[in-house]
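Have a look at structure15.txt below; it lists compact mmCIF, C-alpha atoms.
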# COMPACT_ATOMS: atom_id res chain seq x y z
CA MET A 1213 11.28 18.26 -27.74
CA SER A 1214 11.20 14.82 -29.23
CA LEU A 1215 10.78 12.23 -26.51
CA THR A 1216 8.34 11.95 -23.64
CA LEU A 1217 9.80 10.44 -20.50
CA GLU A 1218 7.99 9.23 -17.43
CA ILE A 1219 9.54 7.54 -14.42
CA VAL A 1220 7.11 6.00 -11.96
CA THR A 1221 7.75 4.36 -8.59
CA PRO A 1222 5.22 2.70 -6.29
CA ASP A 1223 5.11 5.84 -4.15
CA ARG A 1224 4.92 8.56 -6.73
CA ARG A 1225 5.52 9.79 -10.24
CA ALA A 1226 9.20 10.66 -10.01
CA TYR A 1227 9.56 12.36 -13.39
CA THR A 1228 7.38 13.39 -16.28
CA GLY A 1229 8.47 15.61 -19.07
CA GLU A 1230 10.08 15.96 -22.42
CA ALA A 1231 13.61 15.14 -23.41
CA ASP A 1232 15.89 15.27 -26.41
CA SER A 1233 17.73 12.17 -25.33
CA VAL A 1234 17.55 9.71 -22.47
CA THR A 1235 20.33 7.40 -21.30
CA LEU A 1236 19.23 4.33 -19.39
CA PRO A 1237 21.18 1.73 -17.40
CA THR A 1238 19.85 -1.53 -18.84
CA ALA A 1239 20.93 -5.05 -17.99
CA LEU A 1240 23.11 -5.15 -21.11
CA GLY A 1241 24.75 -1.82 -20.45
CA SER A 1242 23.94 1.80 -20.80
CA ILE A 1243 21.79 2.70 -23.81
CA GLY A 1244 20.83 6.04 -25.26
CA ILE A 1245 17.35 6.65 -26.61
CA LEU A 1246 16.73 9.23 -29.30
CA LYS A 1247 13.68 10.10 -31.35
CA GLY A 1248 12.59 7.28 -33.64
CA HIS A 1249 14.03 4.49 -31.51
CA LEU A 1250 12.68 1.01 -32.22
CA PRO A 1251 10.06 -0.31 -29.78
CA LEU A 1252 11.91 -1.77 -26.84
CA THR A 1253 11.19 -3.52 -23.56
CA SER A 1254 14.17 -3.94 -21.31
CA ILE A 1255 15.25 -4.54 -17.76
CA ILE A 1256 16.81 -1.66 -15.88
CA GLU A 1257 19.60 -2.12 -13.41
CA ALA A 1258 20.22 0.19 -10.50
CA GLY A 1259 22.05 3.14 -11.98
CA GLU A 1260 21.87 6.56 -13.49
CA VAL A 1261 19.32 7.96 -15.91
CA VAL A 1262 20.60 10.95 -17.84
CA VAL A 1263 18.05 13.26 -19.41
CA VAL A 1264 19.12 15.92 -21.91
CA LEU A 1265 16.66 18.67 -22.74
CA ASN A 1266 17.64 21.81 -24.68
CA GLY A 1267 21.29 21.21 -23.89
CA LYS A 1268 20.62 20.92 -20.17
CA THR A 1269 21.47 17.67 -18.48
CA SER A 1270 19.68 16.30 -15.46
CA ARG A 1271 20.38 13.06 -13.72
CA LEU A 1272 18.32 10.67 -11.66
CA ALA A 1273 19.30 7.68 -9.61
CA VAL A 1274 17.01 4.72 -10.21
CA ASP A 1275 16.70 1.25 -8.76
CA LYS A 1276 15.90 -1.96 -10.63
CA GLY A 1277 12.92 -1.93 -12.91
CA PHE A 1278 11.63 -2.03 -16.45
CA VAL A 1279 11.54 0.33 -19.36
CA ARG A 1280 9.35 0.41 -22.41
CA VAL A 1281 9.93 2.56 -25.46
CA VAL A 1282 7.01 2.88 -27.86
CA SER A 1283 6.56 5.62 -30.45
CA ASP A 1284 8.92 8.08 -28.77
CA LYS A 1285 7.40 7.51 -25.35
CA VAL A 1286 9.86 6.25 -22.73
CA SER A 1287 8.16 4.72 -19.69
CA VAL A 1288 10.23 3.57 -16.75
CA VAL A 1289 8.82 1.65 -13.79
CA THR A 1290 11.28 1.25 -10.96
CA GLU A 1291 11.20 0.49 -7.27
CA ALA A 1292 12.83 3.77 -6.32
CA ALA A 1293 13.97 6.90 -8.09
CA ILE A 1294 15.36 10.21 -6.94
CA ASP A 1295 16.46 13.36 -8.67
CA GLU A 1296 20.15 14.09 -8.32
CA THR A 1297 19.47 17.51 -6.78
CA LYS A 1298 17.36 15.92 -4.07
CA ILE A 1299 19.88 13.29 -3.06
CA ASP A 1300 20.73 13.78 0.59
CA LEU A 1301 24.10 12.30 1.45
CA LYS A 1302 23.33 12.40 5.15
CA ALA A 1303 20.13 10.41 4.66
CA ILE A 1304 22.08 7.88 2.61
CA GLU A 1305 24.67 7.56 5.35
CA GLN A 1306 21.94 6.95 7.89
CA ALA A 1307 20.29 4.36 5.66
CA GLU A 1308 23.61 2.60 5.14
CA GLU A 1309 24.28 2.69 8.86
CA ARG A 1310 20.91 1.14 9.58
CA ALA A 1311 21.56 -1.55 6.99
CA ARG A 1312 24.96 -2.27 8.49
CA GLN A 1313 23.43 -2.57 11.94
CA ALA A 1314 20.86 -4.97 10.58
CA VAL A 1315 23.67 -7.05 9.10
CA GLU A 1316 25.50 -7.03 12.45
CA ALA A 1317 22.35 -8.07 14.25
CA ALA A 1318 21.77 -10.88 11.78
CA ARG A 1319 25.32 -12.20 12.04
CA GLY A 1320 24.72 -14.03 15.33
CA GLN A 1321 21.59 -15.77 14.12
CA LYS A 1322 21.71 -19.16 12.47
CA GLU A 1323 18.86 -18.60 10.09
CA ILE A 1324 18.77 -15.34 8.25
CA ASP A 1325 15.61 -14.34 6.52
CA PRO A 1326 16.45 -14.10 2.80
CA VAL A 1327 13.80 -11.44 2.44
CA GLU A 1328 15.58 -9.33 5.02
CA ILE A 1329 18.82 -9.74 3.09
CA ALA A 1330 17.14 -8.63 -0.12
CA LYS A 1331 15.82 -5.58 1.67
CA ILE A 1332 19.24 -4.66 2.99
CA GLU A 1333 20.72 -5.28 -0.43
CA GLN A 1334 18.21 -2.94 -1.95
CA ILE A 1335 18.99 -0.20 0.55
CA LEU A 1336 22.72 -0.53 0.01
CA ARG A 1337 22.39 -0.78 -3.75
CA PHE A 1338 20.25 2.30 -4.02
CA ALA A 1339 22.52 4.15 -1.59
CA ALA A 1340 25.54 3.29 -3.73
CA VAL A 1341 23.80 4.45 -6.89
CA GLN A 1342 22.78 7.72 -5.28
CA ARG A 1343 26.34 8.32 -4.18
CA MET A 1344 27.59 7.59 -7.67
CA VAL A 1345 25.14 9.96 -9.32
CA LYS A 1346 25.77 12.67 -6.76
CA GLY A 1347 29.53 12.26 -6.96
CA ARG A 1348 29.54 12.48 -10.73
CA SER A 1349 27.56 15.68 -10.84
CA SER A 1350 29.65 17.43 -8.19
CA SER A 1351 32.91 16.50 -9.90
CA GLY A 1352 31.36 17.79 -13.10
CA LEU A 1353 30.79 21.17 -11.48
CA THR A 1354 34.44 21.62 -10.48
CA GLU A 1355 35.74 20.97 -13.96
CA MET B 1238 -28.05 17.10 47.23
CA PRO B 1239 -30.13 13.95 46.71
CA LYS B 1240 -28.26 10.82 45.68
CA GLY B 1241 -29.98 10.49 42.29
CA LEU B 1242 -28.75 13.91 41.23
CA ARG B 1243 -25.14 13.17 41.94
CA GLU B 1244 -25.29 9.91 40.02
CA ILE B 1245 -26.69 11.65 36.98
CA ARG B 1246 -24.05 14.34 37.19
CA ASN B 1247 -21.28 11.77 37.32
CA ARG B 1248 -22.68 9.99 34.29
CA ILE B 1249 -22.85 13.23 32.34
CA LYS B 1250 -19.24 13.89 33.16
CA SER B 1251 -18.10 10.45 32.04
CA VAL B 1252 -20.15 10.54 28.85
CA ARG B 1253 -18.72 13.96 27.98
CA SER B 1254 -15.14 12.81 28.48
CA THR B 1255 -15.82 9.73 26.35
CA ALA B 1256 -17.11 12.04 23.64
CA GLN B 1257 -13.91 14.03 23.88
CA ILE B 1258 -11.81 10.91 23.39
CA THR B 1259 -13.81 9.60 20.47
CA ARG B 1260 -13.74 13.04 18.88
CA ALA B 1261 -9.95 13.09 19.11
CA MET B 1262 -9.78 9.60 17.59
CA GLN B 1263 -12.07 10.70 14.82
CA LEU B 1264 -9.77 13.60 13.96
CA VAL B 1265 -6.69 11.37 13.98
CA ALA B 1266 -8.40 8.82 11.77
CA SER B 1267 -9.57 11.44 9.31
CA SER B 1268 -6.08 12.84 8.81
CA LYS B 1269 -4.69 9.32 8.38
CA MET B 1270 -7.50 8.53 6.01
CA LYS B 1271 -6.58 11.44 3.79
CA ARG B 1272 -2.99 10.23 3.60
CA ALA B 1273 -3.98 6.62 2.96
CA GLN B 1274 -6.35 7.61 0.19
CA ASP B 1275 -3.68 9.75 -1.43
CA ALA B 1276 -1.18 6.89 -1.24
CA ALA B 1277 -3.64 4.48 -2.84
CA GLN B 1278 -4.20 7.04 -5.56
CA ALA B 1279 -0.48 7.59 -6.16
CA SER B 1280 0.35 3.93 -6.50
CA ARG B 1281 -2.39 3.50 -9.08
CA VAL B 1282 -0.16 5.33 -11.54
CA TYR B 1283 2.49 2.67 -11.05
CA ALA B 1284 -0.02 -0.16 -11.39
CA GLU B 1285 -1.38 1.45 -14.53
CA LEU B 1286 2.00 1.84 -16.17
CA LEU B 1287 3.13 -1.63 -15.20
CA GLY B 1288 -0.05 -3.06 -16.67
CA GLU B 1289 0.55 -1.09 -19.85
CA ILE B 1290 4.10 -2.34 -20.21
CA LEU B 1291 2.90 -5.87 -19.66
CA ASP B 1292 0.17 -5.45 -22.25
CA THR B 1293 2.55 -4.08 -24.83
CA ALA B 1294 5.03 -6.86 -24.21
CA ILE B 1295 2.40 -9.56 -24.46
CA SER B 1296 0.81 -8.11 -27.55
CA LYS B 1297 4.21 -8.28 -29.20
CA VAL B 1298 5.13 -11.75 -27.97
CA GLY B 1299 2.03 -13.91 -28.24
CA GLU B 1300 1.42 -16.84 -25.89
CA PHE B 1301 3.91 -17.61 -23.18
CA SER B 1302 3.78 -20.16 -20.38
CA HIS B 1303 5.01 -19.33 -16.91
CA PRO B 1304 4.73 -21.21 -13.58
CA LEU B 1305 2.85 -18.31 -11.99
CA LEU B 1306 0.33 -18.42 -14.80
CA THR B 1307 -0.33 -22.15 -14.92
CA LYS B 1308 -3.44 -23.56 -13.27
CA ARG B 1309 -3.16 -26.66 -11.09
CA ASN B 1310 -5.35 -28.81 -8.89
CA VAL B 1311 -6.24 -26.94 -5.74
CA THR B 1312 -5.80 -28.77 -2.44
CA THR B 1313 -4.82 -25.83 -0.27
CA ARG B 1314 -5.85 -22.29 -0.95
CA GLY B 1315 -3.49 -19.58 0.17
CA ILE B 1316 -5.30 -16.60 1.62
CA ILE B 1317 -3.73 -13.27 2.46
CA LEU B 1318 -5.93 -11.75 5.13
CA VAL B 1319 -5.49 -8.02 5.46
CA THR B 1320 -7.00 -6.56 8.62
CA ALA B 1321 -6.35 -3.66 10.94
CA ASP B 1322 -4.03 -3.91 13.93
CA LYS B 1323 -6.58 -2.31 16.21
CA GLY B 1324 -10.30 -2.37 16.65
CA LEU B 1325 -12.67 0.57 17.09
CA CYS B 1326 -13.37 0.70 13.40
CA GLY B 1327 -16.92 -0.58 13.22
CA PRO B 1328 -17.68 -3.91 11.58
CA LEU B 1329 -14.60 -3.79 9.31
CA ASN B 1330 -12.48 -6.50 10.94
CA GLY B 1331 -15.47 -8.60 11.96
CA ASN B 1332 -16.75 -8.80 8.40
CA LEU B 1333 -13.34 -9.80 7.07
CA ILE B 1334 -12.80 -12.45 9.72
CA ARG B 1335 -16.28 -13.86 9.23
CA GLN B 1336 -15.66 -14.21 5.52
CA ALA B 1337 -12.26 -15.79 6.18
CA ALA B 1338 -13.90 -18.35 8.49
CA GLU B 1339 -16.10 -19.54 5.64
CA ILE B 1340 -13.15 -20.45 3.42
CA LYS B 1341 -12.38 -24.17 3.51
CA ASN B 1342 -9.02 -25.90 2.96
CA ALA B 1343 -6.99 -22.78 3.35
CA SER B 1344 -3.70 -21.66 4.78
CA PHE B 1345 -3.53 -18.09 5.91
CA VAL B 1346 -0.96 -15.37 5.80
CA CYS B 1347 -2.07 -12.45 7.91
CA LEU B 1348 -1.25 -8.79 7.66
CA GLY B 1349 -2.61 -6.98 10.67
CA ARG B 1350 -2.88 -8.20 14.24
CA LYS B 1351 -6.67 -8.63 14.41
CA GLY B 1352 -6.65 -11.16 11.60
CA SER B 1353 -3.77 -13.24 12.91
CA GLN B 1354 -5.33 -13.31 16.40
CA ALA B 1355 -8.64 -14.53 15.01
CA ILE B 1356 -7.03 -17.16 12.78
CA ALA B 1357 -4.81 -18.42 15.59
CA ARG B 1358 -7.75 -18.58 17.99
CA SER B 1359 -9.89 -20.56 15.59
CA GLY B 1360 -7.10 -23.08 15.11
CA ARG B 1361 -6.77 -22.52 11.37
CA ASN B 1362 -3.50 -22.99 9.57
CA LEU B 1363 -1.56 -19.77 9.94
CA LEU B 1364 1.56 -19.84 7.76
CA ALA B 1365 2.94 -16.47 8.74
CA ASP B 1366 1.97 -13.02 9.76
CA PHE B 1367 3.63 -9.78 8.84
CA PRO B 1368 3.38 -6.37 10.43
CA VAL B 1369 2.35 -3.43 8.29
CA SER B 1370 2.73 0.15 9.43
CA ASP B 1371 0.32 2.91 8.55
CA ARG B 1372 2.63 4.19 5.88
CA VAL B 1373 2.63 1.15 3.63
CA ASN B 1374 5.99 1.07 1.91
CA PHE B 1375 6.52 -1.15 -1.08
CA ASN B 1376 9.49 -2.58 0.82
CA GLU B 1377 7.28 -3.52 3.72
CA VAL B 1378 4.97 -5.54 1.54
CA ARG B 1379 7.78 -7.31 -0.27
CA PRO B 1380 8.54 -9.87 2.47
CA ALA B 1381 4.92 -11.01 2.52
CA ALA B 1382 4.70 -11.12 -1.27
CA GLU B 1383 7.95 -13.04 -1.56
CA PHE B 1384 6.92 -15.46 1.14
CA LEU B 1385 3.78 -16.25 -0.82
CA LEU B 1386 5.60 -16.55 -4.13
CA LYS B 1387 7.88 -19.09 -2.48
CA ALA B 1388 4.99 -20.97 -0.90
CA PHE B 1389 3.23 -21.03 -4.25
CA SER B 1390 6.21 -22.25 -6.20
CA GLU B 1391 7.02 -24.91 -3.59
CA GLY B 1392 3.43 -26.14 -3.64
CA THR B 1393 2.60 -25.28 -0.01
CA VAL B 1394 -0.37 -23.46 -1.41
CA ASP B 1395 -1.99 -23.89 -4.81
CA THR B 1396 -3.58 -20.49 -5.13
CA VAL B 1397 -2.90 -17.08 -3.70
CA GLU B 1398 -5.94 -15.01 -2.94
CA ILE B 1399 -6.14 -11.78 -1.04
CA LEU B 1400 -9.01 -10.91 1.30
CA TYR B 1401 -9.15 -7.24 2.17
CA ALA B 1402 -11.54 -4.39 2.74
CA HIS B 1403 -12.14 -2.85 -0.65
CA PHE B 1404 -12.38 0.91 -0.45
CA LYS B 1405 -15.52 2.07 -2.24
CA ASN B 1406 -15.85 5.43 -0.57
CA THR B 1407 -15.50 6.91 2.89
CA LEU B 1408 -18.76 5.35 4.05
CA ILE B 1409 -18.68 2.02 2.28
CA GLN B 1410 -16.00 -0.64 2.54
CA VAL B 1411 -16.73 -4.19 1.48
CA PRO B 1412 -14.66 -7.34 2.03
CA ARG B 1413 -13.31 -8.53 -1.27
CA LEU B 1414 -11.62 -11.80 -2.17
CA GLN B 1415 -9.41 -11.50 -5.20
CA GLN B 1416 -7.41 -14.25 -6.82
CA LEU B 1417 -3.84 -13.25 -7.59
CA LEU B 1418 -2.16 -16.55 -8.44
CA PRO B 1419 -2.26 -18.44 -10.63
CA ALA B 1420 -2.99 -15.63 -12.98
CA ASP B 1421 -4.44 -17.62 -15.84
CA SER B 1422 -3.51 -14.94 -18.23
CA LEU B 1423 -1.60 -11.78 -17.66
CA VAL B 1424 -3.90 -9.83 -19.89
CA THR B 1425 -7.02 -10.72 -17.95
CA GLN B 1426 -5.24 -9.97 -14.71
CA ALA B 1427 -4.21 -6.59 -15.99
CA LYS B 1428 -7.76 -6.04 -17.15
CA GLU B 1429 -9.15 -6.98 -13.74
CA LEU B 1430 -6.81 -4.60 -12.01
CA ARG B 1431 -7.85 -1.82 -14.31
CA ALA B 1432 -11.51 -2.62 -13.82
CA LYS B 1433 -10.95 -2.57 -10.07
CA LEU B 1434 -9.28 0.81 -10.24
CA GLY B 1435 -11.79 2.10 -12.72
CA LEU B 1436 -9.16 2.90 -15.31
CA PRO B 1437 -9.81 3.02 -19.01
CA GLU B 1438 -8.22 0.52 -21.36
CA PRO B 1439 -4.74 1.71 -22.17
CA LYS B 1440 -4.22 2.89 -25.67
CA ILE B 1441 -1.07 1.24 -26.85
CA GLU B 1442 0.49 3.56 -29.32
CA LYS B 1443 0.43 2.24 -32.83
CA ASP B 1444 3.90 1.12 -33.61
CA GLU B 1445 4.03 -1.70 -36.09
CA ARG B 1446 7.76 -2.11 -35.92
CA GLU B 1447 9.10 -5.20 -34.24
CA MET B 1448 9.83 -4.85 -30.54
CA ILE B 1449 13.28 -5.49 -29.16
CA PHE B 1450 13.44 -7.38 -25.86
CA GLU B 1451 16.59 -7.01 -23.84
CA PRO B 1452 18.21 -9.19 -22.61
CA SER B 1453 15.56 -11.60 -23.94
CA VAL B 1454 11.83 -12.24 -24.01
CA GLU B 1455 12.20 -15.06 -21.49
CA VAL B 1456 14.08 -13.01 -18.93
CA ILE B 1457 11.60 -10.16 -19.11
CA LEU B 1458 8.53 -12.34 -18.96
CA ASN B 1459 10.06 -14.23 -16.05
CA GLN B 1460 10.29 -11.08 -13.99
CA LEU B 1461 7.24 -9.06 -14.98
CA PRO B 1462 4.54 -11.36 -13.55
CA GLU B 1463 6.34 -11.44 -10.21
CA LEU B 1464 6.54 -7.68 -10.03
CA PHE B 1465 2.94 -7.43 -11.12
CA PHE B 1466 1.94 -9.78 -8.29
CA LYS B 1467 3.83 -7.76 -5.72
CA GLN B 1468 2.26 -4.61 -7.00
CA ALA B 1469 -1.22 -6.15 -6.76
CA VAL B 1470 -0.55 -7.08 -3.13
CA HIS B 1471 0.75 -3.61 -2.38
CA GLN B 1472 -2.25 -1.96 -3.97
CA ALA B 1473 -4.66 -4.15 -2.01
CA ILE B 1474 -2.95 -3.28 1.25
CA LEU B 1475 -3.00 0.42 0.47
CA GLU B 1476 -6.71 0.17 -0.16
CA ALA B 1477 -7.21 -1.81 3.02
CA LYS B 1478 -5.50 0.98 4.95
CA ALA B 1479 -7.69 3.61 3.35
CA SER B 1480 -10.71 1.49 4.27
CA GLU B 1481 -9.52 1.01 7.83
CA HIS B 1482 -9.05 4.68 8.52
CA SER B 1483 -12.32 5.60 6.83
CA ALA B 1484 -14.19 2.99 8.85
CA ARG B 1485 -12.56 4.18 12.04
CA MET B 1486 -13.40 7.76 11.30
CA VAL B 1487 -17.03 6.93 10.62
CA ALA B 1488 -17.29 4.72 13.71
CA MET B 1489 -15.75 7.39 15.91
CA LYS B 1490 -17.99 10.05 14.46
CA ALA B 1491 -21.03 7.92 15.28
CA ALA B 1492 -19.68 7.35 18.81
CA THR B 1493 -19.14 11.07 19.33
CA ASP B 1494 -22.62 11.90 18.08
CA ASN B 1495 -24.18 9.26 20.30
CA ALA B 1496 -22.26 10.47 23.33
CA LYS B 1497 -23.39 14.03 22.70
CA LYS B 1498 -26.99 12.93 22.34
CA LEU B 1499 -26.74 10.91 25.53
CA ALA B 1500 -25.19 13.81 27.41
CA GLY B 1501 -28.06 16.03 26.22
CA ALA B 1502 -30.68 13.57 27.41
CA LEU B 1503 -28.94 13.18 30.75
CA SER B 1504 -28.71 16.95 31.23
CA LEU B 1505 -32.42 17.23 30.66
CA GLU B 1506 -33.04 14.48 33.20
CA TYR B 1507 -30.67 16.15 35.64
CA ASN B 1508 -32.39 19.53 35.35
CA LYS B 1509 -35.78 17.97 35.79
CA ALA B 1510 -34.63 16.14 38.90
CA ARG B 1511 -33.01 19.27 40.27
CA GLN B 1512 -36.17 21.30 39.68
CA ALA B 1513 -38.26 18.58 41.31
CA ALA B 1514 -35.99 18.63 44.34
CA ILE B 1515 -36.26 22.43 44.67
CA THR B 1516 -40.05 22.36 44.33
CA GLN B 1517 -40.18 19.63 46.93
CA GLU B 1518 -38.08 21.68 49.32
CA ILE B 1519 -40.24 24.82 48.87
CA LEU B 1520 -43.38 22.77 49.47
CA GLU B 1521 -41.90 21.41 52.65
CA ILE B 1522 -40.92 24.88 53.90
CA THR B 1523 -44.29 26.43 53.11
CA ALA B 1524 -46.10 23.51 54.69
CA ALA B 1525 -44.01 23.87 57.83
CA ALA B 1526 -44.55 27.69 57.90
CA SER B 1527 -48.34 27.46 57.51
CA GLN B 1528 -48.53 24.88 60.25
CA GLY B 1529 -46.54 27.01 62.62
Reformat the file's structure so that it appears as structure tokens.
Amino acid sequence: MSLTLEIVTPDRRAYTGEADSVTLPTALGSIGILKGHLPLTSIIEAGEVVVVLNGKTSRLAVDKGFVRVVSDKVSVVTEAAIDETKIDLKAIEQAEERARQAVEAARGQKEIDPVEIAKIEQILRFAAVQRMVKGRSSSGLTE
Amino acid sequence: MPKGLREIRNRIKSVRSTAQITRAMQLVASSKMKRAQDAAQASRVYAELLGEILDTAISKVGEFSHPLLTKRNVTTRGIILVTADKGLCGPLNGNLIRQAAEIKNASFVCLGRKGSQAIARSGRNLLADFPVSDRVNFNEVRPAAEFLLKAFSEGTVDTVEILYAHFKNTLIQVPRLQQLLPADSLVTQAKELRAKLGLPEPKIEKDEREMIFEPSVEVILNQLPELFFKQAVHQAILEAKASEHSARMVAMKAATDNAKKLAGALSLEYNKARQAAITQEILEITAAASQG
């Protein structure tokens, strides 16, 4: 035990606990945080958070957000986060399908609400990240 | 049966069935209220952490100017009016709409049908209205928040204020007008939010080492206030929902109680009338028998 990690979304506290190391997808690339890291505030891109505790690795898919590291406390605020074990590929497919339908519906219209586009983007982005995280862990199991 | 009796009986029946309906609505509202209160509670954690991150960043940066934080001359106030979609929740919507009517030189953005109807009817300037479901997702609030950010940065409105029913407890909800933009200073805004939520001042861990900002201070401080604004809107709407369902539950409970009381009084009246009719009949029979 050396780091404390918390991941919070608007709906819930997605993760709280201790970790030996945390890997975060920041805007400048993936960074690893270990005990004694310098204070840091950074932007998080949609991607994968890897938490290592006692040799066990767990992964989470996160959306865009912010991270702050202060005195071995890693705090992540993000718009959405989900544990890899809870990722439901079927739900993702449905979400993607809905997004695609929304895109189809919007195609005929002259003016497309930019907010709507951002929403669809977010759904698709988070879906892609979830797939990536899920895919990585399952391929890891077969090795 | 005399006519009066039947009328009373029909009234009792209708009052009882009204009581049944209001009782059902009360139960629905109370289960929704529980969920809304929990949601408001859960999102406080996010608000708290976001505020903390902001505080830490600012304490390490010093002063910073940002369009969302700069005051300007106010010609048009932008008001977000958060009301319920439906009535039957006591004076909740009425109070909000009355307070909204008192605001001069304002453009409105409405969340909730009651508010947009009232604003449209009174001929005020309604910029947009957005639907909000009972389960207030962050994504649902984002269109409204982004619309207002755009209006603010384009100068359509010079302030952004939110008028909603502040949730004090299940029995008390008060309309509250809160200024969101321009946030004169992030720190005071964060403080206000904490005061509103009744949270203690965050203890920023002592770490004297210099903070790294990635990709840069500017980029981070360009995005944080926006997110903070959206979060403030989201939190207000969550609270408004909790207020709405609480108010509806209380109103429906009062309606049920009143209906039961009324049914009791009517039953008493009915029994009295019935007894009077029977006595009358016996008197008539005995009178006829003694005559004959």
>> With all atoms listed in the file as the counted atoms, please give the residues lying no more than 10 Å from region 1326-1342 of chain A, apart from itself and same-chain residues fewer than 5 positions off, as a PyMOL selection string.
In response: (chain A and resi 1258-1260+1272-1276+1291-1296+1298-1301+1303-1312+1314-1315+1318+1347-1348) or (chain B and resi 1376-1377+1379-1384)
Q: Compute the chain B side of the contact with chain A at 9 Å, counting only C-alpha atoms, and hand it back as number ranges by chain.
A: B: 1276-1277, 1279-1284, 1286-1287, 1290, 1293-1294, 1374-1376, 1379-1381, 1383-1384, 1441-1454, 1456-1457, 1461, 1468, 1471
Counting all atoms listed in the file, the residue among B:Gln1336, B:Gln1415, B:Thr1493, B:Thr1523 that lies closest to Leu1264 (chain B) is B:Thr1493
*Work out how far apart CA of Thr1269 (chain A) and CA of Thr1216 (chain A) are and give it in Å to one decimal.*
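Interatomic distance, CA of Thr1269 (chain A) to CA of Thr1216 (chain A): 15.2 Å.
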Spatial neighbours of region 1509-1511 of chain B, max dist 12 Å, all atoms listed in the file, sep filter under 5 positions, as a ChimeraX atom specification | /B:1238-1246,1502-1504,1516-1518
To one decimal place, how far is CA of Ser1344 (chain B) from CA of Ile1317 (chain B) in Å?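 One can read the CA of Ser1344 (chain B) to CA of Ile1317 (chain B) distance as 8.7 Å.
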Pairwise distance, CA of Ile1245 (chain A) with CA of Leu1215 (chain A), equals 8.6 Å
(Q) At a cut-off of 9 Å, using all atoms listed in the file, what residues contact region 1360-1363 of chain B? Leave out same-chain residues fewer than 5 positions from it and give the result as a list of chain:residue names. (A)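 So the residues in contact are B:Ala1338, B:Ala1343, B:Ser1344, B:Phe1345, B:Val1346, B:Cys1347, B:Ser1353, B:Ala1355.
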inquiry  = Taking 6 positions as the minimum chain separation for residues in the same chain, which residues sit within 12 Å of Thr1396 (chain B) when counting all atoms listed in the file? Answer as a PyMOL selection string.
reply    = chain B and resi 1304-1317+1342-1345+1385-1390+1415-1421
Kindly compute an axis-aligned box around the listed atoms of region 1318-1323 of chain B, allowing 6 Å on each side, and express its centre and edge lengths in Å to one decimal as lines of an AutoDock Vina configuration file.
center_x = -5.5
center_y = -7.0
center_z = 10.7
size_x = 15.0
size_y = 21.4
size_z = 23.1
Fill in: Proximity to Met1489 (chain B) - best of B:Gln1472, B:Asn1247, B:Gln1263, B:Gln1410, all atoms listed in the file
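The closest residue to Met1489 (chain B) is B:Gln1263.
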If you count all atoms listed in the file, the residue of A:Ser1214, A:His1249, A:Ser1242, A:Arg1271 closest to Tyr1227 (chain A) turns out to be A:Arg1271
One residue among B:Ala1496, B:Leu1414, B:Ala1526, B:Leu1318 is nearest to Ile1249 (chain B) when using all atoms listed in the file, and that residue is B:Ala1496
Within 12 Å of (3.7, 4.4, 8.8), only C-alpha atoms: residues as a PDB file with C-alpha atoms, in the frame of the given file?
ATOM      1  CA  LYS B1269      -4.690   9.320   8.380  1.00  0.00           C
ATOM      2  CA  ARG B1272      -2.990  10.230   3.600  1.00  0.00           C
ATOM      3  CA  ALA B1273      -3.980   6.620   2.960  1.00  0.00           C
ATOM      4  CA  ALA B1276      -1.180   6.890  -1.240  1.00  0.00           C
ATOM      5  CA  PRO B1368       3.380  -6.370  10.430  1.00  0.00           C
ATOM      6  CA  VAL B1369       2.350  -3.430   8.290  1.00  0.00           C
ATOM      7  CA  SER B1370       2.730   0.150   9.430  1.00  0.00           C
ATOM      8  CA  ASP B1371       0.320   2.910   8.550  1.00  0.00           C
ATOM      9  CA  ARG B1372       2.630   4.190   5.880  1.00  0.00           C
ATOM     10  CA  VAL B1373       2.630   1.150   3.630  1.00  0.00           C
ATOM     11  CA  ASN B1374       5.990   1.070   1.910  1.00  0.00           C
ATOM     12  CA  PHE B1375       6.520  -1.150  -1.080  1.00  0.00           C
ATOM     13  CA  GLU B1377       7.280  -3.520   3.720  1.00  0.00           C
ATOM     14  CA  LEU B1475      -3.000   0.420   0.470  1.00  0.00           C
ATOM     15  CA  LYS B1478      -5.500   0.980   4.950  1.00  0.00           C
TER      16      LYS B1478
END
